[in-house]
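Structure data (compact mmCIF, C-alpha atoms) from coords.txt:
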# COMPACT_ATOMS: atom_id res chain seq x y z
CA MET A 76 0.00 0.00 0.00
CA LEU A 77 1.05 3.56 -0.64
CA GLU A 78 0.31 6.66 1.36
CA VAL A 79 -0.17 9.65 -0.93
CA VAL A 80 -1.67 13.13 -0.72
CA LEU A 81 -4.56 13.33 -3.15
CA ASN A 82 -6.04 16.81 -3.64
CA GLY A 83 -4.75 17.87 -0.25
CA GLU A 84 -5.90 14.79 1.70
CA VAL A 85 -3.78 11.88 2.89
CA VAL A 86 -5.13 8.64 1.41
CA THR A 87 -3.95 5.07 1.11
CA ILE A 88 -3.96 3.41 -2.29
CA GLU A 89 -2.92 0.03 -3.66
CA ALA A 90 0.49 -0.48 -5.17
CA PRO A 91 0.89 -0.34 -8.07
CA THR A 92 -1.57 2.38 -9.09
CA SER A 93 -1.25 4.23 -12.37
CA ILE A 94 -2.72 7.67 -12.96
CA SER A 95 -5.26 6.06 -15.29
CA LYS A 96 -6.41 3.74 -12.51
CA LEU A 97 -6.57 6.59 -9.99
CA VAL A 98 -8.63 8.82 -12.29
CA ASP A 99 -10.89 5.89 -13.04
CA GLU A 100 -11.42 5.10 -9.35
CA LEU A 101 -12.23 8.74 -8.65
CA LYS A 102 -14.93 8.46 -11.31
CA ALA A 103 -13.50 11.60 -12.89
CA PRO A 104 -14.46 12.27 -16.49
CA THR A 105 -11.55 11.73 -18.86
CA ASN A 106 -12.13 14.96 -20.76
CA GLY A 107 -11.41 18.30 -19.17
CA VAL A 108 -9.22 16.83 -16.45
CA ALA A 109 -5.52 17.37 -15.71
CA VAL A 110 -3.17 15.70 -13.25
CA ALA A 111 -0.02 16.93 -11.57
CA VAL A 112 2.26 14.83 -9.37
CA ASN A 113 4.65 16.69 -7.09
CA ARG A 114 3.90 19.89 -8.99
CA GLU A 115 4.76 18.39 -12.38
CA ILE A 116 2.05 17.92 -15.00
CA VAL A 117 1.60 14.34 -16.13
CA PRO A 118 0.30 14.50 -19.70
CA ARG A 119 -2.67 12.30 -20.54
CA SER A 120 -0.51 10.24 -22.90
CA LYS A 121 1.51 9.05 -19.88
CA TRP A 122 -1.37 8.22 -17.52
CA ASP A 123 -1.18 4.49 -18.26
CA THR A 124 2.53 4.18 -17.63
CA PHE A 125 2.99 6.63 -14.76
CA PHE A 126 2.84 4.72 -11.45
CA LEU A 127 2.47 6.56 -8.19
CA SER A 128 5.05 6.36 -5.41
CA ASP A 129 4.72 6.60 -1.64
CA GLN A 130 4.30 10.19 -0.41
CA ASP A 131 3.47 11.57 -3.85
CA ALA A 132 1.36 14.73 -3.83
CA ILE A 133 -1.26 14.41 -6.53
CA GLU A 134 -3.59 17.06 -7.88
CA VAL A 135 -6.52 15.99 -10.04
CA VAL A 136 -8.23 19.08 -11.40
CA THR A 137 -10.99 20.01 -13.75
CA ILE A 138 -12.62 23.19 -14.99
CA PHE A 139 -15.11 25.02 -12.82
CA GLN A 140 -17.05 28.20 -13.23
CA GLY A 141 -14.84 31.18 -12.56
CA GLY A 142 -14.24 34.78 -13.64
CA MET B 75 -11.49 55.11 -39.93
CA ASN B 76 -12.71 56.71 -43.11
CA ARG B 77 -15.81 54.67 -43.55
CA HIS B 78 -19.06 56.56 -43.80
CA TYR B 79 -20.95 53.91 -41.97
CA ILE B 80 -19.54 51.22 -39.79
CA GLU B 81 -21.29 47.91 -39.58
CA ASN B 82 -20.59 46.06 -36.36
CA ASP B 83 -20.46 42.81 -38.30
CA GLU B 84 -17.37 43.97 -40.19
CA ASP B 85 -15.63 44.82 -36.97
CA ALA B 86 -14.28 41.49 -35.73
CA LEU B 87 -11.85 41.34 -32.83
CA LYS B 88 -8.53 39.66 -33.60
CA ILE B 89 -7.11 38.40 -30.35
CA GLY B 90 -4.18 35.98 -30.33
CA PRO B 91 -5.04 33.07 -32.62
CA LEU B 92 -8.76 33.91 -32.61
CA THR B 93 -11.14 36.16 -34.48
CA LEU B 94 -14.27 36.96 -32.50
CA SER B 95 -17.34 38.75 -33.74
CA SER B 96 -18.59 39.40 -30.20
CA ARG B 97 -16.52 41.78 -28.13
CA LEU B 98 -18.02 40.55 -24.90
CA ILE B 99 -16.16 37.84 -23.01
CA LEU B 100 -18.19 36.11 -20.33
CA GLY B 101 -16.81 35.14 -16.97
CA THR B 102 -18.69 32.13 -15.66
CA GLY B 103 -17.97 32.75 -11.96
CA GLY B 104 -20.82 33.47 -9.58
CA ALA B 105 -23.58 31.75 -11.54
CA PRO B 106 -26.14 29.87 -9.46
CA SER B 107 -26.09 26.87 -11.81
CA HIS B 108 -24.66 25.52 -15.05
CA ARG B 109 -28.01 26.09 -16.69
CA VAL B 110 -27.75 29.82 -16.00
CA ILE B 111 -24.28 29.90 -17.54
CA SER B 112 -25.55 28.26 -20.71
CA GLU B 113 -28.47 30.67 -20.87
CA THR B 114 -26.26 33.73 -20.47
CA ILE B 115 -23.83 32.53 -23.12
CA THR B 116 -26.65 31.99 -25.57
CA ALA B 117 -28.41 35.26 -24.69
CA SER B 118 -25.23 37.33 -25.02
CA GLY B 119 -23.82 35.72 -28.14
CA ALA B 120 -20.39 35.66 -26.45
CA GLU B 121 -17.88 33.43 -28.18
CA MET B 122 -15.34 33.22 -25.38
CA VAL B 123 -15.84 32.34 -21.72
CA THR B 124 -13.48 32.08 -18.78
CA VAL B 125 -13.27 29.16 -16.39
CA ALA B 126 -11.26 28.33 -13.28
CA ILE B 127 -9.11 25.30 -12.53
CA ARG B 128 -10.11 23.54 -9.32
CA ARG B 129 -9.67 20.16 -7.67
CA PHE B 130 -11.97 17.46 -8.97
CA ASP B 131 -14.59 16.64 -6.33
CA PRO B 132 -16.77 13.58 -7.02
CA THR B 133 -19.32 14.71 -4.41
CA LEU B 134 -20.28 17.92 -6.23
CA ARG B 135 -23.48 17.88 -8.27
CA ASP B 136 -22.52 20.87 -10.43
CA GLY B 137 -18.91 19.81 -10.81
CA SER B 138 -16.93 20.22 -13.99
CA ILE B 139 -18.45 22.57 -16.50
CA PHE B 140 -16.51 21.01 -19.37
CA GLU B 141 -19.35 19.09 -21.01
CA GLU B 142 -21.74 22.02 -20.72
CA LEU B 143 -19.35 24.34 -22.54
CA ALA B 144 -18.40 21.75 -25.14
CA LYS B 145 -22.06 21.65 -26.22
CA LEU B 146 -22.04 25.39 -26.86
CA SER B 147 -18.85 25.47 -28.98
CA VAL B 148 -17.40 28.53 -27.28
CA HIS B 149 -13.72 29.29 -26.87
CA VAL B 150 -12.73 28.51 -23.30
CA LEU B 151 -10.18 30.69 -21.56
CA PRO B 152 -8.88 29.04 -18.39
CA ASN B 153 -7.75 31.41 -15.68
CA THR B 154 -5.38 31.26 -12.75
CA ALA B 155 -7.84 32.79 -10.27
CA GLY B 156 -6.76 32.65 -6.67
CA CYS B 157 -3.01 32.32 -7.33
CA PHE B 158 -0.81 34.48 -5.13
CA GLY B 159 2.52 34.01 -6.91
CA ALA B 160 3.96 33.50 -10.37
CA ARG B 161 4.99 29.92 -9.53
CA ASP B 162 1.42 28.81 -8.74
CA ALA B 163 0.02 30.78 -11.67
CA VAL B 164 2.37 29.06 -14.11
CA LEU B 165 1.52 25.61 -12.77
CA THR B 166 -2.21 26.38 -12.85
CA ALA B 167 -1.85 27.62 -16.43
CA GLU B 168 -0.17 24.33 -17.35
CA LEU B 169 -3.04 22.39 -15.70
CA GLY B 170 -5.51 24.43 -17.76
CA ARG B 171 -3.53 23.76 -20.92
CA GLU B 172 -3.55 20.02 -20.23
CA ALA B 173 -7.23 19.87 -19.21
CA LEU B 174 -8.50 21.89 -22.13
CA GLN B 175 -5.79 21.30 -24.72
CA THR B 176 -5.51 25.04 -25.22
CA ASP B 177 -2.63 27.51 -25.19
CA LEU B 178 -4.88 30.33 -24.01
CA VAL B 179 -4.64 31.49 -20.41
CA LYS B 180 -5.96 34.41 -18.43
CA VAL B 181 -3.30 35.16 -15.85
CA GLU B 182 -4.49 36.41 -12.50
CA VAL B 183 -1.97 36.81 -9.72
CA ILE B 184 -3.56 38.50 -6.77
CA SER B 185 -1.90 40.33 -3.93
CA ASP B 186 -4.46 39.88 -1.16
CA GLN B 187 -7.78 38.23 -0.52
CA ASP B 188 -9.71 41.38 0.37
CA THR B 189 -9.12 43.50 -2.71
CA LEU B 190 -8.10 40.73 -5.13
CA LEU B 191 -5.94 43.39 -6.79
CA PRO B 192 -3.23 42.08 -9.11
CA ASP B 193 0.31 41.78 -7.73
CA PRO B 194 2.28 43.70 -10.39
CA LEU B 195 5.65 42.03 -9.85
CA GLU B 196 4.37 38.47 -9.75
CA LEU B 197 2.05 39.19 -12.68
CA ALA B 198 4.96 40.38 -14.82
CA ARG B 199 7.02 37.32 -13.82
CA ALA B 200 4.17 34.95 -14.66
CA THR B 201 3.49 36.68 -17.98
CA GLU B 202 7.14 36.49 -19.02
CA GLU B 203 7.40 32.80 -18.13
CA LEU B 204 4.12 31.82 -19.78
CA VAL B 205 4.95 33.68 -22.99
CA LYS B 206 8.25 31.78 -22.99
CA ARG B 207 6.28 28.53 -22.65
CA GLY B 208 4.20 29.36 -25.72
CA PHE B 209 0.99 30.52 -24.06
CA TYR B 210 -1.30 33.23 -25.37
CA VAL B 211 -1.38 35.30 -22.21
CA PHE B 212 -4.39 37.41 -21.34
CA ALA B 213 -3.03 39.43 -18.43
CA TYR B 214 -5.46 40.64 -15.77
CA THR B 215 -3.85 43.85 -14.57
CA ASN B 216 -4.29 47.05 -12.60
CA ASP B 217 -5.46 50.22 -14.34
CA ASP B 218 -1.84 51.35 -14.57
CA PRO B 219 -0.65 52.40 -18.05
CA ALA B 220 3.02 51.73 -17.20
CA LEU B 221 2.34 48.18 -16.03
CA ALA B 222 0.07 47.54 -19.01
CA SER B 223 2.93 48.62 -21.32
CA HIS B 224 5.34 46.28 -19.57
CA LEU B 225 2.94 43.36 -19.99
CA ALA B 226 2.44 44.13 -23.67
CA ASN B 227 6.21 44.37 -24.16
CA LEU B 228 6.65 41.03 -22.42
CA GLY B 229 4.50 39.53 -25.16
CA ALA B 230 1.01 39.43 -23.62
CA THR B 231 -1.68 38.63 -26.18
CA ALA B 232 -4.11 40.98 -24.43
CA VAL B 233 -3.97 43.23 -21.41
CA MET B 234 -7.02 43.25 -19.19
CA PRO B 235 -7.09 46.27 -16.90
CA LEU B 236 -9.64 46.30 -14.11
CA GLY B 237 -12.30 48.97 -13.96
CA SER B 238 -12.57 48.38 -10.21
CA PRO B 239 -12.06 45.37 -7.92
CA ILE B 240 -13.46 41.98 -8.97
CA GLY B 241 -17.13 41.58 -8.12
CA SER B 242 -17.41 45.12 -6.75
CA GLY B 243 -19.70 46.44 -9.49
CA LEU B 244 -18.14 49.86 -8.94
CA GLY B 245 -17.70 50.46 -12.65
CA ILE B 246 -14.68 52.26 -14.09
CA LEU B 247 -13.00 54.19 -11.30
CA ASN B 248 -10.20 55.69 -13.38
CA PRO B 249 -11.50 56.26 -16.90
CA HIS B 250 -8.54 58.47 -17.74
CA ASN B 251 -6.09 55.62 -17.14
CA ILE B 252 -8.23 53.14 -19.05
CA GLU B 253 -8.34 55.53 -21.98
CA LEU B 254 -4.57 55.97 -21.86
CA ILE B 255 -4.04 52.20 -21.80
CA ALA B 256 -6.40 51.72 -24.75
CA GLU B 257 -4.59 54.48 -26.69
CA ARG B 258 -1.07 53.34 -25.98
CA ILE B 259 -1.16 49.56 -26.07
CA GLU B 260 -0.83 47.82 -29.41
CA CYS B 261 -2.35 44.49 -28.35
CA PRO B 262 -6.07 44.19 -27.56
CA VAL B 263 -7.22 45.83 -24.33
CA VAL B 264 -10.06 44.10 -22.52
CA LEU B 265 -11.76 45.91 -19.65
CA ASP B 266 -11.96 43.30 -16.95
CA ALA B 267 -13.58 43.43 -13.52
CA GLY B 268 -15.82 45.99 -11.92
CA ILE B 269 -18.58 46.15 -14.53
CA GLY B 270 -21.87 46.59 -12.68
CA CYS B 271 -24.37 47.19 -15.44
CA ALA B 272 -24.75 47.81 -19.17
CA SER B 273 -23.71 51.48 -19.13
CA ASP B 274 -20.35 50.55 -17.55
CA ALA B 275 -19.70 48.21 -20.47
CA ALA B 276 -20.66 50.83 -23.04
CA PHE B 277 -18.40 53.35 -21.29
CA ALA B 278 -15.44 50.95 -21.42
CA MET B 279 -15.89 50.55 -25.16
CA GLU B 280 -16.28 54.30 -25.65
CA LEU B 281 -12.97 54.77 -23.86
CA GLY B 282 -11.38 52.69 -26.62
CA CYS B 283 -11.21 49.23 -25.08
CA ASP B 284 -11.31 46.43 -27.64
CA ALA B 285 -13.55 44.18 -25.56
CA VAL B 286 -15.18 43.81 -22.15
CA LEU B 287 -15.17 40.88 -19.77
CA ALA B 288 -18.18 40.65 -17.48
CA ALA B 289 -18.89 37.95 -14.93
CA SER B 290 -20.62 38.91 -11.67
CA ALA B 291 -22.57 41.76 -13.31
CA ILE B 292 -24.35 39.07 -15.32
CA THR B 293 -24.21 35.92 -13.22
CA ARG B 294 -25.30 37.70 -10.03
CA ALA B 295 -27.94 39.94 -11.64
CA LYS B 296 -31.55 39.32 -10.64
CA VAL B 297 -32.21 38.08 -14.18
CA PRO B 298 -28.85 36.92 -15.55
CA LYS B 299 -30.14 36.07 -18.99
CA SER B 300 -31.53 39.52 -19.73
CA MET B 301 -28.51 41.25 -18.18
CA ALA B 302 -26.32 39.16 -20.51
CA ARG B 303 -28.30 40.44 -23.46
CA SER B 304 -28.23 43.99 -22.16
CA ILE B 305 -24.47 44.07 -21.60
CA SER B 306 -23.88 42.46 -24.97
CA MET B 307 -25.90 45.22 -26.66
CA ALA B 308 -24.07 47.85 -24.61
CA VAL B 309 -20.71 46.52 -25.80
CA ARG B 310 -21.86 46.79 -29.40
CA ALA B 311 -23.33 50.26 -28.85
CA GLY B 312 -20.20 51.46 -27.06
CA ARG B 313 -17.95 50.14 -29.82
CA LEU B 314 -20.00 51.83 -32.52
CA SER B 315 -20.05 55.05 -30.52
CA TYR B 316 -16.24 54.92 -30.17
CA LEU B 317 -15.73 54.28 -33.88
CA SER B 318 -18.17 57.02 -34.80
CA GLY B 319 -16.17 59.65 -32.92
CA ARG B 320 -17.71 61.60 -30.06
CA ILE B 321 -17.97 65.39 -30.24
CA PRO B 322 -15.43 67.34 -28.20
CA ARG B 323 -16.50 68.49 -24.75
CA ARG B 324 -17.10 72.26 -24.45
CA ARG B 325 -17.45 74.45 -21.41
CA LEU B 326 -20.27 76.49 -22.93
CA ALA B 327 -23.20 75.82 -25.19
CA GLN B 328 -22.93 75.70 -28.95
CA ALA B 329 -26.28 76.18 -30.62
CA SER B 330 -27.25 73.38 -32.91
CA THR B 331 -29.71 75.66 -34.70
CA THR B 332 -28.36 78.49 -36.81
CA ASP B 333 -29.22 82.11 -35.94
CA GLU B 334 -29.50 82.95 -39.62
CA GLY B 335 -33.04 83.79 -40.65
CA LYS B 336 -34.25 84.07 -37.07
CA PRO B 337 -37.47 86.16 -36.96
CA PHE B 338 -37.81 89.47 -35.03
CA THR B 339 -34.13 90.38 -35.50
Take the structure in this file and express it as structure tokens.
Amino acid sequence: MLEVVLNGEVVTIEAPTSISKLVDELKAPTNGVAVAVNREIVPRSKWDTFFLSDQDAIEVVTIFQGG
Amino acid sequence: MNRHYIENDEDALKIGPLTLSSRLILGTGGAPSHRVISETITASGAEMVTVAIRRFDPTLRDGSIFEELAKLSVHVLPNTAGCFGARDAVLTAELGREALQTDLVKVEVISDQDTLLPDPLELARATEELVKRGFYVFAYTNDDPALASHLANLGATAVMPLGSPIGSGLGILNPHNIELIAERIECPVVLDAGIGCASDAAFAMELGCDAVLAASAITRAKVPKSMARSISMAVRAGRLSYLSGRIPRRRLAQASTTDEGKPFT
């Protein structure tokens, strides 16, 4: 198991977990979503092959209404 | 501007890689629902809307607005609202680029939570870095002609001076500065923030701005849909008024009727 910080909250996830799996488990839509790990963007093309490590800080974002 | 008559339809706005026939950009913040956003976009005829980048939250009913906007085929301009420094603004811009597959970004770097006024130094840093990274930078800025010039020289696609603080509805507090910015800056100038009602939008265009961004004035109006229409018409009216050339101001009256042929003289 891995302990990571997902959108500001400490959570435990299975190892190995790819970004694709994480996004899928969050039930996030695939379009209009972006992911950063440790303040680095992980492009969609690498979601399948990017596996998370212990203590990673992950941001999964989407677009919201805003000025 | 030697045309005898200027049709609004011929007067498209070229901004970065885009050509827009509507000079109103809609901010989507403050709307009570996604449905209201869709209605205001349709009612205003706006072709570009701003959005924010926020953490995905599976518990929210009105979560991502992506699908809603995709249906309307509008250009989406992600912003960096809420960022306090250039570093966060650049990362947020990159998230927006990845989420929306767009190189457009509206850069907001604020200095404090109460006024939400732009931080000039961090804004310039963020603009420089984002231009370097190939973004089309729409820079939300203070109503300061010197700063606006710096941002344009750094390669901003558009400068977006505030009329007054975000969401204040105080209108254009320093029209002289806005006019100077519109006169001096080569790239498009978009009046951003502070619009309270239609006349504010018309005034911005009459001062020479190339476009207006309105969010709260529309989304928080009692009837957002009709305010969207009203502000859209005001932008068109203000643009036409600007192109038509206002008469000079005079201290004293100048009769519009000739004295020649006046009876009893």
| request: Figure out the distance between CA of Gly156 (chain B) and CA of Ser120 (chain A), please, to one decimal in Å. | output: 28.4 Å
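Within 9 Å of chain B, and counting all atoms listed in the file, chain A contributes Asn82, Leu101, Lys102, Ala103, Pro104, Asn106, Gly107, Val108, Ala109, Val110, Ala111, Arg114, Glu115, Ile116, Val117, Pro118, Arg119, Glu134, Val135, Val136, Thr137, Ile138, Phe139, Gln140, Gly141 and Gly142 of chain A.
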Taking all listed atoms of region 208-216 of chain B, build the axis-aligned box, pad each of the six sides by 8 Å, then write its centre and edge lengths in Å to one decimal as lines of an AutoDock Vina configuration file.
center_x = -0.6
center_y = 38.2
center_z = -19.2
size_x = 25.7
size_y = 33.7
size_z = 29.1
Please tell me which residues are no farther than 8 Å from (-3.9, 6.2, -15.0) in the file, counting all atoms listed in the file, and write them as an mmCIF file with C-alpha atoms, keeping the file's coordinate frame.
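Ended up saving to point.cif:
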data_model
loop_
_atom_site.group_PDB
_atom_site.id
_atom_site.type_symbol
_atom_site.label_atom_id
_atom_site.label_comp_id
_atom_site.auth_asym_id
_atom_site.auth_seq_id
_atom_site.Cartn_x
_atom_site.Cartn_y
_atom_site.Cartn_z
ATOM 1 C CA THR A 92 -1.570 2.380 -9.090
ATOM 2 C CA SER A 93 -1.250 4.230 -12.370
ATOM 3 C CA ILE A 94 -2.720 7.670 -12.960
ATOM 4 C CA SER A 95 -5.260 6.060 -15.290
ATOM 5 C CA LYS A 96 -6.410 3.740 -12.510
ATOM 6 C CA LEU A 97 -6.570 6.590 -9.990
ATOM 7 C CA VAL A 98 -8.630 8.820 -12.290
ATOM 8 C CA ASP A 99 -10.890 5.890 -13.040
ATOM 9 C CA LYS A 121 1.510 9.050 -19.880
ATOM 10 C CA TRP A 122 -1.370 8.220 -17.520
ATOM 11 C CA ASP A 123 -1.180 4.490 -18.260
ATOM 12 C CA THR A 124 2.530 4.180 -17.630
ATOM 13 C CA PHE A 125 2.990 6.630 -14.760
ATOM 14 C CA PHE A 126 2.840 4.720 -11.450
#
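Around Ser96 (chain B), within 8 Å and counting all atoms listed in the file, the residues found are B:Ala86, B:Leu87, B:Leu94, B:Leu98, B:Ile99, B:Gly119, B:Ala120, B:Glu121, once anything fewer than 2 positions away on its own chain is removed.
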| Atom-to-atom span, CA of Ala291 (chain B) and CA of Ile89 (chain B), Å |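 These two atoms are separated by 23.3 Å.
Computed from the coordinates, the CA of Asp284 (chain B) to CA of Val264 (chain B) distance equals 5.8 Å.
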| Who sits within 12 Å of Arg207 (chain B), all atoms listed in the file, same chain under 5 positions skipped, as a VMD selection string | chain B and resid 164 to 165 167 to 168 171 177 to 179 200 to 202 229
Using the incomplete input, complete region 82-92 of chain A to the level of all heavy atoms; output as an mmCIF file, keeping the file's coordinate frame.
data_model
loop_
_atom_site.group_PDB
_atom_site.id
_atom_site.type_symbol
_atom_site.label_atom_id
_atom_site.label_comp_id
_atom_site.auth_asym_id
_atom_site.auth_seq_id
_atom_site.Cartn_x
_atom_site.Cartn_y
_atom_site.Cartn_z
ATOM 1 N N ASN A 82 -5.285 15.553 -3.770
ATOM 2 C CA ASN A 82 -6.040 16.810 -3.640
ATOM 3 C C ASN A 82 -6.066 17.317 -2.198
ATOM 4 O O ASN A 82 -7.115 17.687 -1.661
ATOM 5 C CB ASN A 82 -7.463 16.626 -4.185
ATOM 6 C CG ASN A 82 -7.482 16.638 -5.708
ATOM 7 O OD1 ASN A 82 -6.471 16.945 -6.341
ATOM 8 N ND2 ASN A 82 -8.616 16.323 -6.299
ATOM 9 N N GLY A 83 -4.903 17.278 -1.575
ATOM 10 C CA GLY A 83 -4.750 17.870 -0.250
ATOM 11 C C GLY A 83 -5.076 16.937 0.912
ATOM 12 O O GLY A 83 -4.910 17.320 2.062
ATOM 13 N N GLU A 84 -5.547 15.710 0.613
ATOM 14 C CA GLU A 84 -5.900 14.790 1.700
ATOM 15 C C GLU A 84 -5.036 13.526 1.648
ATOM 16 O O GLU A 84 -4.814 12.976 0.566
ATOM 17 C CB GLU A 84 -7.369 14.390 1.596
ATOM 18 C CG GLU A 84 -8.284 15.549 1.957
ATOM 19 C CD GLU A 84 -9.723 15.117 2.152
ATOM 20 O OE1 GLU A 84 -9.991 13.900 2.289
ATOM 21 O OE2 GLU A 84 -10.571 16.009 2.154
ATOM 22 N N VAL A 85 -4.602 13.090 2.832
ATOM 23 C CA VAL A 85 -3.780 11.880 2.890
ATOM 24 C C VAL A 85 -4.693 10.669 2.667
ATOM 25 O O VAL A 85 -5.707 10.521 3.346
ATOM 26 C CB VAL A 85 -3.082 11.769 4.264
ATOM 27 C CG1 VAL A 85 -2.266 10.473 4.347
ATOM 28 C CG2 VAL A 85 -2.186 12.982 4.502
ATOM 29 N N VAL A 86 -4.339 9.842 1.685
ATOM 30 C CA VAL A 86 -5.130 8.640 1.410
ATOM 31 C C VAL A 86 -4.177 7.463 1.178
ATOM 32 O O VAL A 86 -3.004 7.653 0.868
ATOM 33 C CB VAL A 86 -6.057 8.800 0.175
ATOM 34 C CG1 VAL A 86 -7.120 9.841 0.387
ATOM 35 C CG2 VAL A 86 -5.247 9.126 -1.073
ATOM 36 N N THR A 87 -4.736 6.271 1.356
ATOM 37 C CA THR A 87 -3.950 5.070 1.110
ATOM 38 C C THR A 87 -4.467 4.415 -0.166
ATOM 39 O O THR A 87 -5.688 4.279 -0.346
ATOM 40 C CB THR A 87 -4.114 4.094 2.291
ATOM 41 O OG1 THR A 87 -3.802 4.809 3.489
ATOM 42 C CG2 THR A 87 -3.163 2.919 2.164
ATOM 43 N N ILE A 88 -3.555 4.062 -1.036
ATOM 44 C CA ILE A 88 -3.960 3.410 -2.290
ATOM 45 C C ILE A 88 -3.135 2.142 -2.497
ATOM 46 O O ILE A 88 -2.076 1.976 -1.890
ATOM 47 C CB ILE A 88 -3.775 4.358 -3.517
ATOM 48 C CG1 ILE A 88 -2.316 4.848 -3.630
ATOM 49 C CG2 ILE A 88 -4.732 5.532 -3.452
ATOM 50 C CD1 ILE A 88 -2.025 5.608 -4.920
ATOM 51 N N GLU A 89 -3.641 1.279 -3.354
ATOM 52 C CA GLU A 89 -2.920 0.030 -3.660
ATOM 53 C C GLU A 89 -1.656 0.326 -4.454
ATOM 54 O O GLU A 89 -1.605 1.293 -5.205
ATOM 55 C CB GLU A 89 -3.801 -0.847 -4.553
ATOM 56 C CG GLU A 89 -4.878 -1.597 -3.851
ATOM 57 C CD GLU A 89 -5.748 -2.369 -4.839
ATOM 58 O OE1 GLU A 89 -5.288 -2.639 -5.965
ATOM 59 O OE2 GLU A 89 -6.901 -2.653 -4.471
ATOM 60 N N ALA A 90 -0.672 -0.569 -4.292
ATOM 61 C CA ALA A 90 0.490 -0.480 -5.170
ATOM 62 C C ALA A 90 0.477 -1.706 -6.074
ATOM 63 O O ALA A 90 0.250 -2.823 -5.561
ATOM 64 C CB ALA A 90 1.767 -0.466 -4.342
ATOM 65 N N PRO A 91 0.660 -1.603 -7.358
ATOM 66 C CA PRO A 91 0.890 -0.340 -8.070
ATOM 67 C C PRO A 91 -0.443 0.308 -8.490
ATOM 68 O O PRO A 91 -1.423 -0.375 -8.716
ATOM 69 C CB PRO A 91 1.650 -0.806 -9.307
ATOM 70 C CG PRO A 91 1.122 -2.187 -9.578
ATOM 71 C CD PRO A 91 0.724 -2.774 -8.247
ATOM 72 N N THR A 92 -0.423 1.642 -8.555
ATOM 73 C CA THR A 92 -1.570 2.380 -9.090
ATOM 74 C C THR A 92 -1.055 3.371 -10.129
ATOM 75 O O THR A 92 -0.171 4.178 -9.837
ATOM 76 C CB THR A 92 -2.320 3.138 -7.977
ATOM 77 O OG1 THR A 92 -2.955 2.189 -7.116
ATOM 78 C CG2 THR A 92 -3.399 4.045 -8.557
#
